[in-house]
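Structure file model_26.txt with compact mmCIF, C-alpha atoms:
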```
# COMPACT_ATOMS: atom_id res chain seq x y z
CA ASP C 291 216.55 312.57 136.38
CA GLY C 292 213.51 314.45 137.62
CA GLY C 293 213.14 318.09 136.79
CA ILE C 294 211.49 320.84 134.83
CA THR C 295 212.19 321.45 131.18
CA GLN C 296 211.40 324.55 129.19
CA SER C 297 211.73 324.81 125.48
CA PRO C 298 213.05 326.42 123.51
CA LYS C 299 215.87 328.20 125.34
CA TYR C 300 215.74 331.16 122.96
CA LEU C 301 212.75 332.20 120.88
CA PHE C 302 212.38 334.94 118.31
CA ARG C 303 209.06 336.09 116.93
CA LYS C 304 207.74 338.90 114.83
CA GLU C 305 205.47 341.47 116.39
CA GLY C 306 201.82 340.49 116.17
CA GLN C 307 202.41 336.73 116.25
CA ASN C 308 201.22 334.46 119.03
CA VAL C 309 203.86 332.17 120.50
CA THR C 310 203.62 329.22 122.89
CA LEU C 311 206.28 328.44 125.48
CA SER C 312 206.56 324.88 126.71
CA CYS C 313 206.93 323.76 130.33
CA GLU C 314 207.08 320.09 131.33
CA GLN C 315 207.83 318.52 134.71
CA ASN C 316 208.31 314.91 135.75
CA LEU C 317 208.42 315.61 139.48
CA ASN C 318 204.78 314.66 139.96
CA HIS C 319 204.18 318.15 141.32
CA ASP C 320 200.65 319.41 141.66
CA ALA C 321 201.08 323.13 141.17
CA MET C 322 202.76 324.94 138.31
CA TYR C 323 203.59 328.60 137.77
CA TRP C 324 204.66 331.01 135.06
CA TYR C 325 206.76 334.08 135.86
CA ARG C 326 208.09 336.91 133.78
CA GLN C 327 211.47 338.45 134.56
CA ASP C 328 212.68 341.81 133.25
CA PRO C 329 216.11 343.36 133.90
CA GLY C 330 216.37 344.89 137.37
CA GLN C 331 213.06 343.47 138.43
CA GLY C 332 212.06 340.45 140.38
CA LEU C 333 209.82 337.70 139.13
CA ARG C 334 206.24 338.65 138.39
CA LEU C 335 203.54 335.99 138.43
CA ILE C 336 201.61 335.56 135.18
CA TYR C 337 199.43 332.48 135.82
CA TYR C 338 199.40 329.54 138.17
CA SER C 339 197.62 326.22 138.40
CA GLN C 340 197.15 324.09 141.49
CA ILE C 341 195.39 321.16 139.82
CA VAL C 342 194.69 319.85 136.34
CA ASN C 343 192.05 321.74 134.35
CA ASP C 344 192.18 324.71 136.71
CA PHE C 345 194.31 327.84 136.72
CA GLN C 346 194.25 331.37 138.11
CA LYS C 347 195.50 334.73 136.92
CA GLY C 348 198.54 336.17 138.58
CA ASP C 349 199.57 339.78 138.80
CA ILE C 350 200.25 340.38 135.10
CA ALA C 351 197.97 337.99 133.16
CA GLU C 352 196.84 340.42 130.45
CA GLY C 353 198.03 339.33 127.02
CA TYR C 354 198.81 335.76 128.15
CA SER C 355 196.88 332.50 128.21
CA VAL C 356 197.55 329.04 129.64
CA SER C 357 196.11 325.54 129.74
CA ARG C 358 196.56 322.64 132.15
CA GLU C 359 195.25 319.53 130.44
CA LYS C 360 197.89 317.25 131.96
CA LYS C 361 199.53 317.30 135.36
CA GLU C 362 203.01 317.42 133.88
CA SER C 363 202.45 320.18 131.32
CA PHE C 364 201.61 323.89 131.62
CA PRO C 365 202.15 325.74 128.31
CA LEU C 366 202.05 329.52 128.15
CA THR C 367 200.84 331.41 125.09
CA VAL C 368 202.03 334.96 124.61
CA THR C 369 199.39 336.63 122.46
CA SER C 370 199.61 339.63 120.19
CA ALA C 371 197.70 341.55 122.86
CA GLN C 372 200.76 341.54 125.12
CA LYS C 373 202.24 344.97 124.49
CA ASN C 374 205.81 344.29 125.56
CA PRO C 375 206.45 340.54 125.37
CA THR C 376 210.25 340.57 125.17
CA ALA C 377 211.41 339.07 128.48
CA PHE C 378 212.81 336.02 130.23
CA TYR C 379 210.06 333.54 131.15
CA LEU C 380 210.41 331.08 134.00
CA CYS C 381 208.25 328.09 134.81
CA ALA C 382 208.12 326.55 138.28
CA SER C 383 206.37 323.71 140.04
CA ARG C 384 205.53 322.76 143.62
CA LEU C 385 204.44 319.66 145.44
CA ARG C 386 201.19 319.96 147.38
CA GLY C 387 201.93 320.42 151.07
CA ASP C 388 205.36 321.88 150.39
CA ASN C 389 206.21 325.55 149.94
CA GLU C 390 209.32 325.29 147.84
CA GLN C 391 209.07 326.00 144.14
CA PHE C 392 211.40 324.31 141.68
CA PHE C 393 212.35 326.31 138.60
CA GLY C 394 213.02 325.43 135.01
CA PRO C 395 215.94 326.89 133.04
CA GLY C 396 213.83 329.60 131.41
CA THR C 397 212.99 330.75 127.88
CA ARG C 398 214.20 334.09 126.55
CA LEU C 399 211.62 335.51 124.19
CA THR C 400 212.56 338.31 121.83
CA VAL C 401 209.91 339.96 119.71
CA LEU C 402 211.29 341.77 116.70
CA ALA F 224 199.18 340.68 151.55
CA GLN F 225 202.88 340.06 151.40
CA SER F 226 205.90 341.93 150.08
CA VAL F 227 209.67 341.72 149.98
CA THR F 228 212.24 344.49 149.90
CA GLN F 229 215.84 343.80 149.04
CA LEU F 230 218.07 346.67 150.09
CA GLY F 231 220.73 347.38 147.52
CA SER F 232 220.32 346.31 143.91
CA HIS F 233 224.09 345.90 143.57
CA VAL F 234 226.60 344.73 146.16
CA SER F 235 230.32 344.47 145.51
CA VAL F 236 232.78 342.66 147.78
CA SER F 237 236.37 341.50 147.56
CA GLU F 238 237.15 337.82 147.37
CA GLY F 239 237.41 336.47 150.91
CA ALA F 240 235.29 339.26 152.41
CA LEU F 241 231.96 338.91 154.18
CA VAL F 242 228.86 338.80 152.02
CA LEU F 243 225.71 340.43 153.42
CA LEU F 244 222.57 340.69 151.30
CA ARG F 245 219.60 342.31 152.98
CA CYS F 246 215.96 341.26 152.82
CA ASN F 247 212.97 342.64 154.69
CA TYR F 248 209.49 341.19 154.32
CA SER F 249 205.92 341.82 155.29
CA SER F 250 203.34 339.11 155.64
CA SER F 251 199.92 338.86 157.25
CA VAL F 252 200.59 335.26 158.25
CA PRO F 253 203.68 333.49 159.56
CA PRO F 254 205.98 333.54 156.54
CA TYR F 255 207.90 330.97 154.67
CA LEU F 256 211.04 332.68 153.38
CA PHE F 257 213.47 331.70 150.68
CA TRP F 258 216.72 332.81 149.11
CA TYR F 259 217.44 331.86 145.51
CA VAL F 260 220.49 332.36 143.31
CA GLN F 261 220.36 332.95 139.57
CA TYR F 262 223.26 332.79 137.13
CA PRO F 263 222.93 334.54 133.76
CA ASN F 264 220.27 333.07 131.49
CA GLN F 265 219.44 330.31 133.94
CA GLY F 266 216.60 329.46 136.26
CA LEU F 267 216.54 330.04 139.99
CA GLN F 268 218.28 327.65 142.36
CA LEU F 269 217.26 327.39 146.00
CA LEU F 270 219.98 328.45 148.45
CA LEU F 271 218.03 328.03 151.66
CA LYS F 272 214.59 328.30 153.21
CA TYR F 273 212.99 329.22 156.52
CA THR F 274 209.88 327.25 157.43
CA SER F 275 209.36 328.14 161.11
CA ALA F 276 211.89 325.71 162.54
CA ALA F 277 215.34 327.05 163.51
CA THR F 278 215.76 330.79 163.03
CA LEU F 279 219.31 330.36 161.74
CA VAL F 280 219.14 328.52 158.46
CA LYS F 281 222.12 327.02 156.70
CA GLY F 282 222.09 326.55 152.96
CA ILE F 283 224.28 325.42 150.14
CA ASN F 284 227.68 326.86 149.19
CA GLY F 285 228.35 328.17 152.71
CA PHE F 286 225.42 330.61 152.82
CA GLU F 287 223.20 331.10 155.81
CA ALA F 288 220.36 333.41 156.82
CA GLU F 289 218.80 334.42 160.11
CA PHE F 290 215.07 334.98 160.55
CA LYS F 291 214.40 337.92 162.86
CA LYS F 292 210.72 338.36 163.45
CA SER F 293 211.09 341.58 165.43
CA GLU F 294 212.95 343.18 162.53
CA THR F 295 210.96 341.37 159.80
CA SER F 296 214.28 340.53 158.22
CA PHE F 297 215.90 337.52 156.60
CA HIS F 298 219.39 338.66 155.62
CA LEU F 299 221.71 336.34 153.71
CA THR F 300 225.35 336.02 154.74
CA LYS F 301 228.50 334.16 153.81
CA PRO F 302 231.72 334.56 155.81
CA SER F 303 234.09 334.50 152.84
CA ALA F 304 233.14 335.38 149.27
CA HIS F 305 234.34 333.32 146.37
CA MET F 306 234.49 334.37 142.74
CA SER F 307 231.88 331.75 141.91
CA ASP F 308 229.38 333.54 144.19
CA ALA F 309 228.97 336.32 141.63
CA ALA F 310 225.33 336.08 140.58
CA GLU F 311 221.91 337.58 141.22
CA TYR F 312 220.16 336.74 144.46
CA PHE F 313 216.45 336.84 145.15
CA CYS F 314 214.59 336.81 148.43
CA ALA F 315 211.01 335.49 148.38
CA VAL F 316 208.10 335.12 150.79
CA THR F 317 205.42 332.50 150.27
CA ASN F 318 201.75 332.49 151.12
CA THR F 319 201.03 328.97 152.29
CA ASN F 320 197.42 328.96 151.08
CA ALA F 321 198.21 328.94 147.38
CA GLY F 322 201.94 328.48 147.45
CA LYS F 323 202.18 331.87 145.78
CA SER F 324 205.53 333.53 146.20
CA THR F 325 206.40 337.22 146.09
CA PHE F 326 209.94 337.99 145.03
CA GLY F 327 212.19 340.92 145.76
CA ASP F 328 213.76 342.85 142.89
CA GLY F 329 217.03 341.01 143.31
CA THR F 330 220.57 341.93 144.34
CA THR F 331 223.47 341.50 141.95
CA LEU F 332 226.58 340.37 143.79
CA THR F 333 229.95 341.21 142.26
CA VAL F 334 233.11 339.62 143.68
CA LYS F 335 236.37 341.43 143.01
CA PRO F 336 239.66 339.52 142.92
```

Rendering of file as structure tokens:
Amino acid sequence: DGGITQSPKYLFRKEGQNVTLSCEQNLNHDAMYWYRQDPGQGLRLIYYSQIVNDFQKGDIAEGYSVSREKKESFPLTVTSAQKNPTAFYLCASRLRGDNEQFFGPGTRLTVL
Amino acid sequence: AQSVTQLGSHVSVSEGALVLLRCNYSSSVPPYLFWYVQYPNQGLQLLLKYTSAATLVKGINGFEAEFKKSETSFHLTKPSAHMSDAAEYFCAVTNTNAGKSTFGDGTTLTVKP
């Protein structure tokens, strides 16, 4: 089955530690996105990438970093510089020429 | 620039009653509009989308939405609510240049028996 996988589902980290969230897709989609979701708020764009080896900052990129070395993978690193990292993180992908984004199941990050 | 406003963060209806979730948008270019549903601790699932074809769009699970350019609205409706419709719903507008989407803050739908 084609789709987007995010791992792990739940992640706990101590304050001050960097953590990397995984996002993999086998849909052969060109673009990939990372969103952050907080209670009562919509999705806010962190980073996005339209092609391999290229990515752009979204609306709330501070304290995050990404890489896009392969078309199917777009990992997100939450650094210690992110002041409030506890949130639900969603990855999405899109086929070039289409406007619909497909979402993964999400990772809930809790920083203790 | 683009934005989305969802009127009402919480909507409660009785089972079998009409569901109406409101969404207004602004966009500098002809918009692509979407409604997504999210169940707790899950990703977003597409309900329906408007891509400049028919203004009345039918989606999954009996939902539909009507694009009204004059009102800059894209309200989501369902004639008869079911308990399984209880979830959070997001309206989104997409900029075609980068495929970047802007999401509303979401509306939590509660269905009472």

Find the nearest atom pair between each residue of chain C and chain F for residues within 6 Å, count only C-alpha atoms, give distances in Å to one decimal, sort rows by chain and ascending number, and present the table as CSV.
```
residue,atom,partner,partner_atom,distance
C:Gln331,CA,F:Asp328,CA,4.6
C:Gly332,CA,F:Asp328,CA,3.9
C:Leu333,CA,F:Phe326,CA,5.9
C:Asn389,CA,F:Gly322,CA,5.7
C:Phe393,CA,F:Leu267,CA,5.8
C:Gly394,CA,F:Gly266,CA,5.5
C:Pro395,CA,F:Gly266,CA,4.2
C:Gly396,CA,F:Gly266,CA,5.6
```

Completion exercise
In terms of only C-alpha atoms, the residue from F:Leu244, F:Val280, F:Ser237, F:Gln225 at minimal distance from Ser303 in chain F is F:Ser237

Exercise for the section: Find the spatial neighbours of Glu352 in chain C, counting all atoms listed in the file, within a cut-off of 10 Å - ignore same-chain residues fewer than 6 positions away - and output them as an MDAnalysis selection string. Expected result: chainID C and resid 336:337 368:369 371:373

Exercise for the section: Could you please determine the separation between CA of Ser251 in chain F and CA of Thr295 in chain F in Å, to one decimal place? Expected result: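 CA of Thr295 in chain F lies 11.6 Å from CA of Ser251 in chain F.
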
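One finds CA of Gly348 in chain C at 16.0 Å from CA of Pro375 in chain C.
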